[in-house]
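Participant: This is structure_31.tsv, which holds TSV, C-alpha atoms and all ligand atoms:
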```
chain	number	residue	atom	x	y	z
A	1	MET	CA	27.90	-3.78	-35.80
A	2	PRO	CA	26.03	-6.23	-33.55
A	3	PRO	CA	23.44	-4.63	-31.26
A	4	ILE	CA	24.27	-3.78	-27.66
A	5	THR	CA	22.18	-6.10	-25.52
A	6	ILE	CA	20.99	-6.44	-21.93
A	7	GLN	CA	23.28	-8.86	-20.08
A	8	ASP	CA	22.07	-8.56	-16.52
A	9	LEU	CA	19.47	-6.86	-14.33
A	10	LYS	CA	20.31	-5.94	-10.76
A	11	VAL	CA	17.89	-4.52	-8.19
A	12	ILE	CA	19.24	-2.20	-5.48
A	13	VAL	CA	17.02	-1.33	-2.50
A	14	THR	CA	18.21	1.37	-0.11
A	15	GLN	CA	16.56	3.25	2.75
A	16	PRO	CA	18.67	6.28	3.68
A	17	LEU	CA	15.83	8.55	4.87
A	18	SER	CA	14.74	8.70	8.52
A	19	THR	CA	11.18	8.47	7.19
A	20	HIS	CA	11.93	4.90	6.03
A	21	GLN	CA	11.06	5.08	2.33
A	22	ARG	CA	12.52	2.07	0.52
A	23	MET	CA	14.03	3.32	-2.77
A	24	ILE	CA	14.18	0.70	-5.54
A	25	VAL	CA	16.71	1.22	-8.33
A	26	VAL	CA	17.12	-1.05	-11.37
A	27	LYS	CA	20.59	-1.38	-12.89
A	28	LEU	CA	20.59	-2.75	-16.44
A	29	ILE	CA	24.05	-4.01	-17.40
A	30	THR	CA	24.80	-4.19	-21.13
A	31	SER	CA	27.13	-6.12	-23.44
A	32	GLU	CA	29.19	-2.92	-23.88
A	33	PRO	CA	31.90	-2.92	-21.19
A	34	GLY	CA	31.15	-0.26	-18.55
A	35	LEU	CA	27.79	0.75	-20.06
A	36	TYR	CA	24.77	0.47	-17.76
A	37	GLY	CA	21.55	2.33	-17.08
A	38	LEU	CA	19.69	3.16	-13.86
A	39	GLY	CA	15.92	3.31	-13.46
A	40	CYS	CA	13.49	4.06	-10.62
A	41	ALA	CA	11.04	1.32	-9.61
A	42	THR	CA	10.19	2.74	-6.18
A	43	PHE	CA	6.96	1.42	-4.68
A	44	THR	CA	7.99	1.69	-1.07
A	45	GLN	CA	4.84	0.23	0.49
A	46	SER	CA	5.13	-3.05	-1.45
A	47	TYR	CA	8.82	-3.20	-2.31
A	48	HIS	CA	9.27	-6.97	-1.96
A	49	SER	CA	6.64	-7.48	-4.68
A	50	VAL	CA	8.46	-5.19	-7.13
A	51	VAL	CA	11.85	-6.78	-6.39
A	52	ALA	CA	10.40	-10.26	-7.01
A	53	ALA	CA	8.71	-9.13	-10.25
A	54	LEU	CA	11.99	-7.70	-11.52
A	55	GLU	CA	14.27	-10.58	-10.50
A	56	GLN	CA	11.93	-13.46	-11.26
A	57	HIS	CA	9.91	-12.24	-14.26
A	58	PHE	CA	11.48	-9.19	-15.96
A	59	LYS	CA	15.11	-10.33	-15.84
A	60	PRO	CA	14.66	-13.56	-17.84
A	61	PHE	CA	12.39	-11.68	-20.29
A	62	LEU	CA	15.01	-8.97	-20.87
A	63	ILE	CA	18.34	-10.80	-21.13
A	64	GLY	CA	19.70	-10.61	-24.67
A	65	ARG	CA	17.34	-7.84	-25.91
A	66	ASP	CA	18.66	-4.90	-27.96
A	67	VAL	CA	18.93	-1.85	-25.66
A	68	SER	CA	18.20	0.55	-28.53
A	69	ARG	CA	14.58	-0.66	-28.84
A	70	ILE	CA	12.98	1.11	-25.87
A	71	GLU	CA	9.48	1.33	-27.33
A	72	ASP	CA	9.46	-2.27	-28.50
A	73	ILE	CA	10.70	-3.55	-25.13
A	74	TRP	CA	8.18	-1.35	-23.25
A	75	GLN	CA	5.22	-2.57	-25.32
A	76	MET	CA	6.20	-6.24	-25.06
A	77	ALA	CA	7.01	-6.07	-21.33
A	78	TRP	CA	3.69	-4.31	-20.73
A	79	VAL	CA	1.64	-7.22	-22.11
A	80	ASN	CA	4.03	-10.06	-21.29
A	81	ALA	CA	2.11	-10.96	-18.12
A	82	TYR	CA	-1.18	-10.48	-20.03
A	83	TRP	CA	-2.73	-8.69	-16.99
A	84	ARG	CA	-1.38	-5.15	-16.84
A	85	ASN	CA	-1.64	-1.55	-15.55
A	86	GLY	CA	-1.22	-2.45	-11.87
A	87	PRO	CA	1.23	-0.74	-9.50
A	88	VAL	CA	3.66	-3.65	-8.97
A	89	LEU	CA	4.27	-4.50	-12.63
A	90	ASN	CA	4.16	-0.81	-13.65
A	91	ASN	CA	6.92	0.03	-11.18
A	92	ALA	CA	9.04	-2.88	-12.38
A	93	LEU	CA	8.48	-1.78	-15.97
A	94	SER	CA	9.38	1.80	-15.03
A	95	GLY	CA	12.72	0.69	-13.59
A	96	VAL	CA	13.55	-0.97	-16.91
A	97	ASP	CA	12.18	1.88	-19.06
A	98	ILE	CA	14.06	4.67	-17.25
A	99	ALA	CA	17.27	2.58	-17.29
A	100	LEU	CA	16.92	2.11	-21.08
A	101	TRP	CA	16.52	5.89	-21.59
A	102	ASP	CA	19.61	6.39	-19.40
A	103	ILE	CA	21.54	3.97	-21.62
A	104	LYS	CA	20.30	5.68	-24.80
A	105	GLY	CA	21.45	9.04	-23.47
A	106	LYS	CA	24.87	7.64	-22.57
A	107	LEU	CA	25.21	6.09	-26.06
A	108	ALA	CA	24.22	9.41	-27.68
A	109	ASN	CA	26.44	11.33	-25.24
A	110	MET	CA	23.44	13.58	-24.51
A	111	PRO	CA	21.17	14.29	-21.53
A	112	VAL	CA	17.77	12.62	-21.94
A	113	TYR	CA	15.97	15.99	-22.31
A	114	GLN	CA	17.87	16.38	-25.60
A	115	LEU	CA	16.45	13.07	-26.84
A	116	LEU	CA	12.92	14.26	-25.96
A	117	GLY	CA	13.29	17.37	-28.13
A	118	GLY	CA	15.54	19.68	-26.14
A	119	LYS	CA	14.95	22.22	-23.40
A	120	CYS	CA	12.09	24.71	-23.17
A	121	ARG	CA	13.64	26.09	-19.96
A	122	GLU	CA	16.94	26.05	-18.07
A	123	ALA	CA	15.55	24.75	-14.77
A	124	ALA	CA	12.28	23.57	-13.26
A	125	ALA	CA	10.45	25.70	-10.67
A	126	VAL	CA	9.70	23.59	-7.60
A	127	TYR	CA	7.32	23.65	-4.68
A	128	VAL	CA	8.12	22.46	-1.19
A	129	HIS	CA	6.01	21.44	1.81
A	130	ALA	CA	5.40	23.67	4.84
A	131	ASP	CA	3.56	22.19	7.81
A	132	GLY	CA	2.77	23.25	11.37
A	133	ARG	CA	0.61	22.53	14.39
A	134	ASP	CA	-1.37	25.75	14.04
A	135	PRO	CA	-1.80	28.45	11.34
A	136	GLN	CA	0.95	30.67	12.74
A	137	GLU	CA	3.51	27.85	12.66
A	138	VAL	CA	2.52	27.01	9.06
A	139	ILE	CA	2.93	30.70	8.11
A	140	ASP	CA	6.32	30.94	9.88
A	141	ASN	CA	7.57	27.82	8.10
A	142	ALA	CA	6.32	29.10	4.73
A	143	ARG	CA	8.14	32.41	5.34
A	144	ALA	CA	11.36	30.50	6.06
A	145	PHE	CA	11.04	28.81	2.65
A	146	MET	CA	10.36	32.19	0.99
A	147	ASP	CA	13.60	33.46	2.57
A	148	GLN	CA	15.41	30.57	0.82
A	149	GLY	CA	14.04	31.67	-2.56
A	150	TYR	CA	11.05	29.34	-2.87
A	151	ARG	CA	8.02	30.98	-4.49
A	152	TYR	CA	5.67	27.98	-4.39
A	153	VAL	CA	4.82	26.31	-1.06
A	154	ARG	CA	2.31	23.60	-0.21
A	155	LEU	CA	0.63	24.40	3.09
A	156	GLN	CA	-0.64	21.59	5.36
A	157	MET	CA	-1.45	21.57	9.06
A	158	GLY	CA	-0.90	18.50	11.23
A	159	GLY	CA	0.35	16.36	8.34
A	160	TYR	CA	-2.63	15.56	6.16
A	161	GLY	CA	-4.81	17.02	8.87
A	162	GLY	CA	-8.22	16.35	10.31
A	163	LYS	CA	-7.07	15.38	13.79
A	164	ASP	CA	-10.16	16.16	15.79
A	165	ALA	CA	-9.44	17.92	19.05
A	166	ARG	CA	-12.64	16.45	20.51
A	167	ASP	CA	-11.89	12.91	19.25
A	168	VAL	CA	-14.90	11.20	20.84
A	169	ARG	CA	-14.74	7.54	19.87
A	170	PRO	CA	-17.07	4.74	20.87
A	171	PRO	CA	-15.56	2.58	23.64
A	172	GLY	CA	-13.63	-0.39	22.23
A	173	SER	CA	-12.78	1.39	18.95
A	174	THR	CA	-10.08	-0.20	16.83
A	175	PRO	CA	-6.71	1.61	17.08
A	176	GLY	CA	-5.73	3.54	13.98
A	177	ALA	CA	-4.84	6.88	12.39
A	178	TYR	CA	-8.12	8.69	13.03
A	179	TYR	CA	-9.24	11.86	11.29
A	180	ASP	CA	-12.43	13.87	11.00
A	181	ALA	CA	-13.21	15.03	7.47
A	182	ARG	CA	-15.58	17.81	8.58
A	183	GLU	CA	-13.07	19.12	11.14
A	184	TYR	CA	-10.42	18.93	8.43
A	185	THR	CA	-12.40	21.26	6.17
A	186	ARG	CA	-13.12	23.78	8.93
A	187	ARG	CA	-9.52	23.98	10.12
A	188	MET	CA	-7.80	23.91	6.72
A	189	VAL	CA	-9.96	26.59	5.11
A	190	GLY	CA	-9.30	28.81	8.15
A	191	MET	CA	-5.56	28.16	7.98
A	192	LEU	CA	-5.41	28.92	4.24
A	193	GLU	CA	-7.33	32.18	4.72
A	194	LYS	CA	-4.89	33.30	7.44
A	195	ALA	CA	-1.91	32.24	5.33
A	196	ARG	CA	-3.05	34.18	2.27
A	197	ALA	CA	-3.58	37.30	4.38
A	198	ALA	CA	-0.16	36.92	6.05
A	199	LEU	CA	1.95	35.83	3.07
A	200	GLY	CA	0.61	38.27	0.50
A	201	ALA	CA	-0.87	37.92	-2.97
A	202	GLU	CA	2.37	37.02	-4.77
A	203	MET	CA	3.08	33.85	-2.80
A	204	GLU	CA	1.97	30.76	-4.72
A	205	ILE	CA	0.04	28.56	-2.29
A	206	LEU	CA	-0.82	24.90	-2.86
A	207	HIS	CA	-2.79	22.45	-0.74
A	208	ASP	CA	-3.24	18.65	-0.83
A	209	ILE	CA	-6.60	17.23	0.33
A	210	HIS	CA	-5.10	13.74	-0.08
A	211	GLU	CA	-8.50	12.27	-1.07
A	212	ARG	CA	-9.71	12.64	2.53
A	213	LEU	CA	-13.11	14.17	1.80
A	214	SER	CA	-16.38	12.86	0.50
A	215	PRO	CA	-17.11	14.22	-2.99
A	216	ILE	CA	-19.64	16.80	-1.81
A	217	ASP	CA	-17.30	18.01	0.96
A	218	ALA	CA	-14.48	18.28	-1.59
A	219	LEU	CA	-16.72	20.39	-3.81
A	220	ASN	CA	-17.51	22.70	-0.89
A	221	PHE	CA	-13.81	22.93	-0.01
A	222	ALA	CA	-12.82	23.88	-3.58
A	223	LYS	CA	-15.52	26.59	-3.60
A	224	ALA	CA	-14.52	27.90	-0.15
A	225	VAL	CA	-10.88	28.41	-1.18
A	226	GLU	CA	-11.67	29.88	-4.62
A	227	PRO	CA	-11.18	33.51	-3.42
A	228	LEU	CA	-7.71	32.56	-2.08
A	229	ASN	CA	-6.34	32.04	-5.60
A	230	LEU	CA	-4.43	28.79	-4.94
A	231	PHE	CA	-1.82	27.66	-7.48
A	232	PHE	CA	-3.58	24.33	-7.26
A	233	LEU	CA	-5.69	22.12	-5.03
A	234	GLU	CA	-4.37	18.56	-5.09
A	235	ASP	CA	-6.25	15.24	-4.91
A	236	ALA	CA	-9.58	16.84	-4.02
A	237	LEU	CA	-11.11	13.48	-4.94
A	238	ALA	CA	-10.10	9.83	-4.84
A	239	PRO	CA	-9.45	8.04	-8.16
A	240	GLU	CA	-12.69	6.14	-7.56
A	241	ASP	CA	-14.65	9.43	-7.53
A	242	ILE	CA	-13.18	11.20	-10.58
A	243	GLU	CA	-16.55	11.79	-12.26
A	244	TRP	CA	-17.16	14.36	-9.51
A	245	PHE	CA	-14.48	16.61	-11.04
A	246	ALA	CA	-17.14	17.66	-13.54
A	247	HIS	CA	-19.24	19.08	-10.67
A	248	ILE	CA	-16.29	20.90	-9.07
A	249	ARG	CA	-15.32	22.32	-12.46
A	250	ALA	CA	-18.84	23.56	-13.11
A	251	GLN	CA	-19.01	25.46	-9.82
A	252	CYS	CA	-15.62	27.10	-9.22
A	253	ALA	CA	-12.33	28.14	-10.79
A	254	THR	CA	-9.96	26.64	-8.20
A	255	PRO	CA	-7.13	25.01	-10.24
A	256	LEU	CA	-7.17	21.24	-9.80
A	257	ALA	CA	-4.22	18.80	-9.73
A	258	MET	CA	-4.69	15.05	-9.79
A	259	GLY	CA	-2.95	11.79	-10.48
A	260	GLU	CA	-0.41	10.47	-7.97
A	261	LEU	CA	-2.51	7.36	-7.36
A	262	PHE	CA	-3.17	6.67	-11.05
A	263	ASN	CA	-1.89	3.50	-12.71
A	264	HIS	CA	-4.14	3.02	-15.73
A	265	PRO	CA	-4.14	5.35	-18.78
A	266	GLN	CA	-7.94	5.49	-18.72
A	267	GLU	CA	-7.74	7.37	-15.41
A	268	TRP	CA	-5.96	10.41	-16.85
A	269	ARG	CA	-7.29	10.13	-20.42
A	270	TRP	CA	-10.86	10.69	-19.25
A	271	LEU	CA	-9.93	13.81	-17.25
A	272	ILE	CA	-7.71	15.29	-19.97
A	273	GLU	CA	-10.22	14.95	-22.77
A	274	ARG	CA	-12.97	16.60	-20.71
A	275	ARG	CA	-10.58	19.34	-19.53
A	276	LEU	CA	-11.62	18.63	-15.93
A	277	ILE	CA	-8.23	19.20	-14.28
A	278	ASP	CA	-5.36	21.67	-14.72
A	279	PHE	CA	-2.31	19.67	-13.65
A	280	LEU	CA	-1.31	16.04	-14.27
A	281	ARG	CA	0.71	14.82	-11.34
A	282	MET	CA	1.26	11.12	-11.84
A	283	HIS	CA	4.02	9.26	-10.00
A	284	ILE	CA	5.91	8.28	-13.12
A	285	SER	CA	7.12	4.90	-11.85
A	286	GLN	CA	3.50	4.03	-10.96
A	287	ILE	CA	2.42	4.51	-14.59
A	288	GLY	CA	5.31	2.55	-16.14
A	289	GLY	CA	8.14	5.07	-16.49
A	290	LEU	CA	9.31	7.92	-18.71
A	291	THR	CA	7.76	6.56	-21.91
A	292	PRO	CA	4.10	6.69	-20.76
A	293	ALA	CA	4.76	9.95	-18.85
A	294	ARG	CA	6.04	11.54	-22.07
A	295	ASN	CA	2.91	10.36	-23.86
A	296	ALA	CA	0.63	11.71	-21.10
A	297	ALA	CA	2.45	15.08	-21.16
A	298	ILE	CA	1.89	15.39	-24.91
A	299	HIS	CA	-1.74	14.37	-24.51
A	300	GLY	CA	-2.16	17.03	-21.80
A	301	ALA	CA	-0.44	19.69	-23.91
A	302	ILE	CA	-3.03	19.30	-26.66
A	303	TYR	CA	-5.76	20.10	-24.12
A	304	GLY	CA	-3.97	22.93	-22.29
A	305	ILE	CA	-3.21	20.86	-19.18
A	306	ARG	CA	0.15	21.23	-17.44
A	307	THR	CA	2.46	18.74	-15.69
A	308	ALA	CA	3.27	18.56	-11.97
A	309	TRP	CA	4.88	15.12	-11.54
A	310	HIS	CA	4.76	13.57	-8.07
A	311	GLY	CA	8.08	14.22	-6.29
A	312	PRO	CA	8.02	12.88	-2.69
A	313	GLY	CA	10.74	11.07	-0.70
A	314	ASP	CA	9.56	7.74	-2.08
A	315	VAL	CA	10.86	8.60	-5.53
A	316	SER	CA	14.59	7.78	-5.85
A	317	PRO	CA	16.99	10.45	-7.14
A	318	VAL	CA	16.95	8.57	-10.46
A	319	GLY	CA	13.18	9.07	-10.56
A	320	HIS	CA	13.53	12.76	-9.60
A	321	ALA	CA	16.00	13.15	-12.47
A	322	ALA	CA	13.49	11.53	-14.85
A	323	ASN	CA	10.86	14.03	-13.60
A	324	LEU	CA	13.33	16.88	-14.17
A	325	HIS	CA	14.24	15.86	-17.73
A	326	LEU	CA	10.53	15.76	-18.61
A	327	ASP	CA	10.11	19.18	-16.92
A	328	LEU	CA	12.93	20.75	-18.93
A	329	TRP	CA	11.48	19.51	-22.21
A	330	ALA	CA	7.67	19.65	-21.81
A	331	PRO	CA	6.12	22.74	-23.41
A	332	ASN	CA	3.28	22.36	-20.87
A	333	PHE	CA	5.42	22.04	-17.73
A	334	GLY	CA	3.66	23.51	-14.70
A	335	ILE	CA	5.57	22.89	-11.48
A	336	GLN	CA	7.74	20.19	-9.87
A	337	GLU	CA	7.21	18.85	-6.33
A	338	TRP	CA	10.49	18.63	-4.38
A	339	CYS	CA	11.12	16.70	-1.16
A	340	ARG	CA	14.50	18.28	-0.18
A	341	PHE	CA	16.79	15.26	0.18
A	342	PRO	CA	19.42	15.35	2.96
A	343	GLU	CA	23.14	15.21	2.15
A	344	VAL	CA	23.37	11.43	2.59
A	345	VAL	CA	21.13	10.92	-0.46
A	346	TYR	CA	23.51	13.05	-2.58
A	347	GLU	CA	26.39	10.86	-1.36
A	348	ILE	CA	24.62	7.61	-2.31
A	349	PHE	CA	23.38	9.06	-5.62
A	350	PRO	CA	26.09	11.32	-7.14
A	351	GLY	CA	24.48	13.66	-9.66
A	352	CYS	CA	21.12	13.86	-7.84
A	353	PRO	CA	19.39	17.05	-9.11
A	354	GLU	CA	20.24	20.19	-7.15
A	355	VAL	CA	17.79	22.90	-6.13
A	356	ARG	CA	18.81	26.56	-5.77
A	357	ASP	CA	16.62	29.66	-5.42
A	358	GLY	CA	13.44	27.63	-5.96
A	359	TYR	CA	14.62	25.96	-9.17
A	360	MET	CA	15.80	22.41	-9.86
A	361	PHE	CA	18.81	22.14	-12.18
A	362	PRO	CA	20.18	19.26	-14.28
A	363	ASN	CA	23.88	18.46	-14.35
A	364	ASP	CA	24.05	17.97	-18.16
A	365	ARG	CA	25.86	14.61	-17.96
A	366	PRO	CA	24.74	12.00	-20.54
A	367	GLY	CA	21.56	10.06	-19.73
A	368	PHE	CA	19.88	11.23	-16.53
A	369	GLY	CA	23.24	12.15	-14.99
A	370	VAL	CA	22.67	10.22	-11.75
A	371	ASP	CA	24.85	7.34	-10.51
A	372	ILE	CA	24.71	5.13	-7.43
A	373	ASP	CA	27.38	4.21	-4.88
A	374	GLU	CA	26.25	0.63	-4.29
A	375	ALA	CA	28.54	0.04	-1.30
A	376	LEU	CA	27.18	3.12	0.44
A	377	ALA	CA	23.57	2.26	-0.53
A	378	ALA	CA	24.08	-1.16	1.11
A	379	LYS	CA	24.83	0.56	4.43
A	380	TYR	CA	21.16	1.65	4.51
A	381	PRO	CA	19.29	-1.66	4.11
A	382	PRO	CA	15.49	-1.69	3.88
A	383	THR	CA	13.51	-2.52	6.98
A	384	ASP	CA	10.11	-4.18	7.18
A	385	GLU	CA	7.17	-2.76	9.06
A	386	VAL	CA	3.40	-2.92	8.98
A	387	LEU	CA	2.33	0.51	7.76
A	388	GLN	CA	0.39	2.49	10.34
A	389	TRP	CA	-0.32	5.81	8.62
A	390	THR	CA	-2.44	4.06	5.98
A	391	GLN	CA	-4.64	2.44	8.66
A	392	THR	CA	-6.89	5.47	8.68
A	393	ARG	CA	-10.32	5.62	10.27
A	394	LEU	CA	-13.16	8.09	10.63
A	395	PRO	CA	-14.37	9.17	14.08
A	396	ASP	CA	-16.96	6.40	14.31
A	397	GLY	CA	-14.28	3.79	13.56
A	398	SER	CA	-15.02	3.23	9.86
A	399	PRO	CA	-11.99	2.43	7.66
A	400	ALA	CA	-11.11	5.39	5.41
A	401	ARG	CA	-8.72	6.38	2.65
A	402	PRO	CA	-5.33	7.62	3.90
B	1	MG	MG	-0.15	14.36	-2.84
```
Would you write out, as structure tokens, the structure that this file holds?
Ligand code: MG

Facilitator:
Amino acid sequence: MPPITIQDLKVIVTQPLSTHQRMIVVKLITSEPGLYGLGCATFTQSYHSVVAALEQHFKPFLIGRDVSRIEDIWQMAWVNAYWRNGPVLNNALSGVDIALWDIKGKLANMPVYQLLGGKCREAAAVYVHADGRDPQEVIDNARAFMDQGYRYVRLQMGGYGGKDARDVRPPGSTPGAYYDAREYTRRMVGMLEKARAALGAEMEILHDIHERLSPIDALNFAKAVEPLNLFFLEDALAPEDIEWFAHIRAQCATPLAMGELFNHPQEWRWLIERRLIDFLRMHISQIGGLTPARNAAIHGAIYGIRTAWHGPGDVSPVGHAANLHLDLWAPNFGIQEWCRFPEVVYEIFPGCPEVRDGYMFPNDRPGFGVDIDEALAAKYPPTDEVLQWTQTRLPDGSPARP
């Protein structure tokens, strides 16, 4: 029997959320009538670049290739541009990789978690985000999630926080999203202490520093919250500062999660092999798709490190399904982030994973079990804007990490 081959590659960009994330979905159409796969290539901040990479470079490379050879296609596509491991090409590659796994599942008439080795669990425990303007509002919002059955809640205050009430800037300062790292630490540690006292010992509390602190301030923060028994502290450091994890590790037992900004395998390999973090939380399209995420999960399992894949609104439902299938299989699954999509996303993406009582469930259809209504997706076209929230500055006006 001749192989089933890739006949066409289509890129679908849709923006159904009020928060304006551009979701990028790759549709690989095969020589088998009616057989196609969907993959997530969502890099919302630079979506034109990913679309161009897919349409202009990946499509001509892929046409005519045998869909059964996922590993071979991944390895060749990875080095085809010679320069590699960057976010644009990794996202394009992810769209292709996830679509090929979707096709393999459909051909096998099995969900992808079966192809990975089968389930270790029936559903994936998720965490959601509670925010508020002051500690009491954060606590009230966390309680509302607990009432809905969630047992893991990430607590933030004022978004990623650090808005300085005093906000004394030199005259003529450049406009921007200002924050004060020292104020951030004072206010967040206080909020987390109040939340632990109010919510009780059983509530699993998470917090995301979002790489907003200098390394020594991050170390102090991790030590200050150690008695609060967090489930994990996320992105205490920037990828550029990862050697500092050794110092945090040496001085406290706060569980550490890291990885949503990673693109290059060396970034997580170094941390895994030194056992410097507890949770891997890469954005799987940013690292090149399901194939490298599977490899990273296995690598982490050998060292006792768990998974916590990035799951924000700028991951399409196809990407969330890929996260979920890894979660169901991985022996070292830890937790899954969940962004709580509104109904319109379920209408555009039939089969989008459902969450009940704090767990995310698969639908057991072949592949990843998610489809796309292209006509409906087209009713939510992407818009262009110059990003403001990433134009962050410190009180004296210095540019800072967002
Ligand atoms: Mg984060």

Participant: Could you tell me how far CA of Val126 (chain A) sits from CA of Ala142 (chain A), in Å to one decimal place?

Facilitator: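 Answer for the CA of Ala142 (chain A) to CA of Val126 (chain A) separation: 13.9 Å.
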
Participant: Can I get the residues of chain A within 9 Å of ligand MG 1 (chain B), each with the closest pair of atoms and their distance in Å to one decimal, using all atoms listed in the file, sorted chain first then ascending number, as a Markdown table?

Facilitator:
```
| residue | atom | partner | partner_atom | distance |
| --- | --- | --- | --- | --- |
| A:His207 | CA | B:MG1 | MG | 8.8 |
| A:Asp208 | CA | B:MG1 | MG | 5.7 |
| A:Ile209 | CA | B:MG1 | MG | 7.7 |
| A:His210 | CA | B:MG1 | MG | 5.7 |
| A:Glu211 | CA | B:MG1 | MG | 8.8 |
| A:Glu234 | CA | B:MG1 | MG | 6.4 |
| A:Asp235 | CA | B:MG1 | MG | 6.5 |
| A:Met258 | CA | B:MG1 | MG | 8.3 |
| A:Gly259 | CA | B:MG1 | MG | 8.5 |
| A:Glu260 | CA | B:MG1 | MG | 6.4 |
| A:Leu261 | CA | B:MG1 | MG | 8.7 |
| A:Arg281 | CA | B:MG1 | MG | 8.6 |
| A:His310 | CA | B:MG1 | MG | 7.2 |
| A:Gly311 | CA | B:MG1 | MG | 8.9 |
| A:Pro312 | CA | B:MG1 | MG | 8.3 |
```

Participant: Report, in Å with one decimal, the straight-line distance from CA of Leu276 (chain A) to CA of Gln336 (chain A).

Facilitator: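 Pair CA of Leu276 (chain A) / CA of Gln336 (chain A) returns 20.3 Å.
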
Participant: May I have the residues within 12 Å of Phe279 (chain A) as a VMD selection string, using all atoms listed in the file and disregarding those fewer than 6 positions away in the same chain?

Facilitator: chain A and resid 231 to 235 254 to 260 268 271 to 272 296 to 297 300 to 301 303 to 310 332 to 336

Participant: Kindly export the residues of the current selection with C-alpha atoms, as a CSV table (one decimal), in the frame of the given file.

Facilitator:
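Okay, this is what ended up in again_2.csv:
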```csv
chain,number,residue,atom,x,y,z
A,231,PHE,CA,-1.8,27.7,-7.5
A,232,PHE,CA,-3.6,24.3,-7.3
A,233,LEU,CA,-5.7,22.1,-5.0
A,234,GLU,CA,-4.4,18.6,-5.1
A,235,ASP,CA,-6.2,15.2,-4.9
A,254,THR,CA,-10.0,26.6,-8.2
A,255,PRO,CA,-7.1,25.0,-10.2
A,256,LEU,CA,-7.2,21.2,-9.8
A,257,ALA,CA,-4.2,18.8,-9.7
A,258,MET,CA,-4.7,15.0,-9.8
A,259,GLY,CA,-3.0,11.8,-10.5
A,260,GLU,CA,-0.4,10.5,-8.0
A,268,TRP,CA,-6.0,10.4,-16.8
A,271,LEU,CA,-9.9,13.8,-17.2
A,272,ILE,CA,-7.7,15.3,-20.0
A,296,ALA,CA,0.6,11.7,-21.1
A,297,ALA,CA,2.4,15.1,-21.2
A,300,GLY,CA,-2.2,17.0,-21.8
A,301,ALA,CA,-0.4,19.7,-23.9
A,303,TYR,CA,-5.8,20.1,-24.1
A,304,GLY,CA,-4.0,22.9,-22.3
A,305,ILE,CA,-3.2,20.9,-19.2
A,306,ARG,CA,0.2,21.2,-17.4
A,307,THR,CA,2.5,18.7,-15.7
A,308,ALA,CA,3.3,18.6,-12.0
A,309,TRP,CA,4.9,15.1,-11.5
A,310,HIS,CA,4.8,13.6,-8.1
A,332,ASN,CA,3.3,22.4,-20.9
A,333,PHE,CA,5.4,22.0,-17.7
A,334,GLY,CA,3.7,23.5,-14.7
A,335,ILE,CA,5.6,22.9,-11.5
A,336,GLN,CA,7.7,20.2,-9.9
```

Participant: Report the distance between CA of Glu343 (chain A) and CA of Gln15 (chain A) in Å, rounded to one decimal place.

Facilitator: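 Calculated distance between CA of Glu343 (chain A) and CA of Gln15 (chain A) is 13.7 Å.
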
Participant: Considering all atoms listed in the file, can you say which of A:Glu354, A:Ile29, A:Arg121, A:Val67 comes closest to Pro342 (chain A)?

Facilitator: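 So, comparing all the options, the nearest one is A:Glu354.
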
Participant: Set the distance at 8 Å and use all atoms listed in the file: which residues neighbour Leu394 (chain A) once local chain neighbours fewer than 5 positions away are removed? I'd like the list as number ranges by chain.

Facilitator: A: 178-181, 399-400

Participant: What does the file look like for those residues with C-alpha atoms, as a PDB file, in the coordinates of the input?

Facilitator:
```
ATOM      1  CA  TYR A 178      -8.120   8.690  13.030  1.00  0.00           C
ATOM      2  CA  TYR A 179      -9.240  11.860  11.290  1.00  0.00           C
ATOM      3  CA  ASP A 180     -12.430  13.870  11.000  1.00  0.00           C
ATOM      4  CA  ALA A 181     -13.210  15.030   7.470  1.00  0.00           C
ATOM      5  CA  PRO A 399     -11.990   2.430   7.660  1.00  0.00           C
ATOM      6  CA  ALA A 400     -11.110   5.390   5.410  1.00  0.00           C
TER       7      ALA A 400
END
```

Participant: Neighbouring residues of Val79 (chain A) were defined as those with any atom within 12 Å, considering all atoms listed in the file; residues of the same chain fewer than 5 positions away were excluded. Please report them as a list in words.

Facilitator: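 Surrounding residues, per the criterion: Phe58, Phe61, Asp72, Ile73, Trp74, Arg84, Asn85, Gly86, Leu89, Asn90 and Leu93 of chain A.
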
Participant: Of the residues A:Arg187, A:Arg196, A:Arg340, A:Arg269, which is the one nearest to Pro227 (chain A), using all atoms listed in the file?

Facilitator: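 For Pro227 (chain A), the nearest of the candidates is A:Arg196.
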
Participant: Can you list, as an MDAnalysis selection string, every protein, DNA or RNA residue that comes within 12 Å of Lys379 (chain A) when you count all atoms listed in the file, leaving out same-chain residues fewer than 6 positions away?

Facilitator: chainID A and resid 12:16 344 347:348 373

Participant: Show me, as JSON, numbers by chain, the residues that have an atom within 9 Å of Leu155 (chain A) when counting all atoms listed in the file, minus same-chain residues fewer than 3 positions from it.

Facilitator: {"A": [128, 129, 130, 131, 132, 138, 139, 142, 191, 192, 195, 205, 206, 207, 208]}

Participant: Go ahead and write the residues just picked, C-alpha atoms, as a tab-separated table (two decimals), keeping the file's coordinate frame.

Facilitator:
```
chain	number	residue	atom	x	y	z
A	128	VAL	CA	8.12	22.46	-1.19
A	129	HIS	CA	6.01	21.44	1.81
A	130	ALA	CA	5.40	23.67	4.84
A	131	ASP	CA	3.56	22.19	7.81
A	132	GLY	CA	2.77	23.25	11.37
A	138	VAL	CA	2.52	27.01	9.06
A	139	ILE	CA	2.93	30.70	8.11
A	142	ALA	CA	6.32	29.10	4.73
A	191	MET	CA	-5.56	28.16	7.98
A	192	LEU	CA	-5.41	28.92	4.24
A	195	ALA	CA	-1.91	32.24	5.33
A	205	ILE	CA	0.04	28.56	-2.29
A	206	LEU	CA	-0.82	24.90	-2.86
A	207	HIS	CA	-2.79	22.45	-0.74
A	208	ASP	CA	-3.24	18.65	-0.83
```
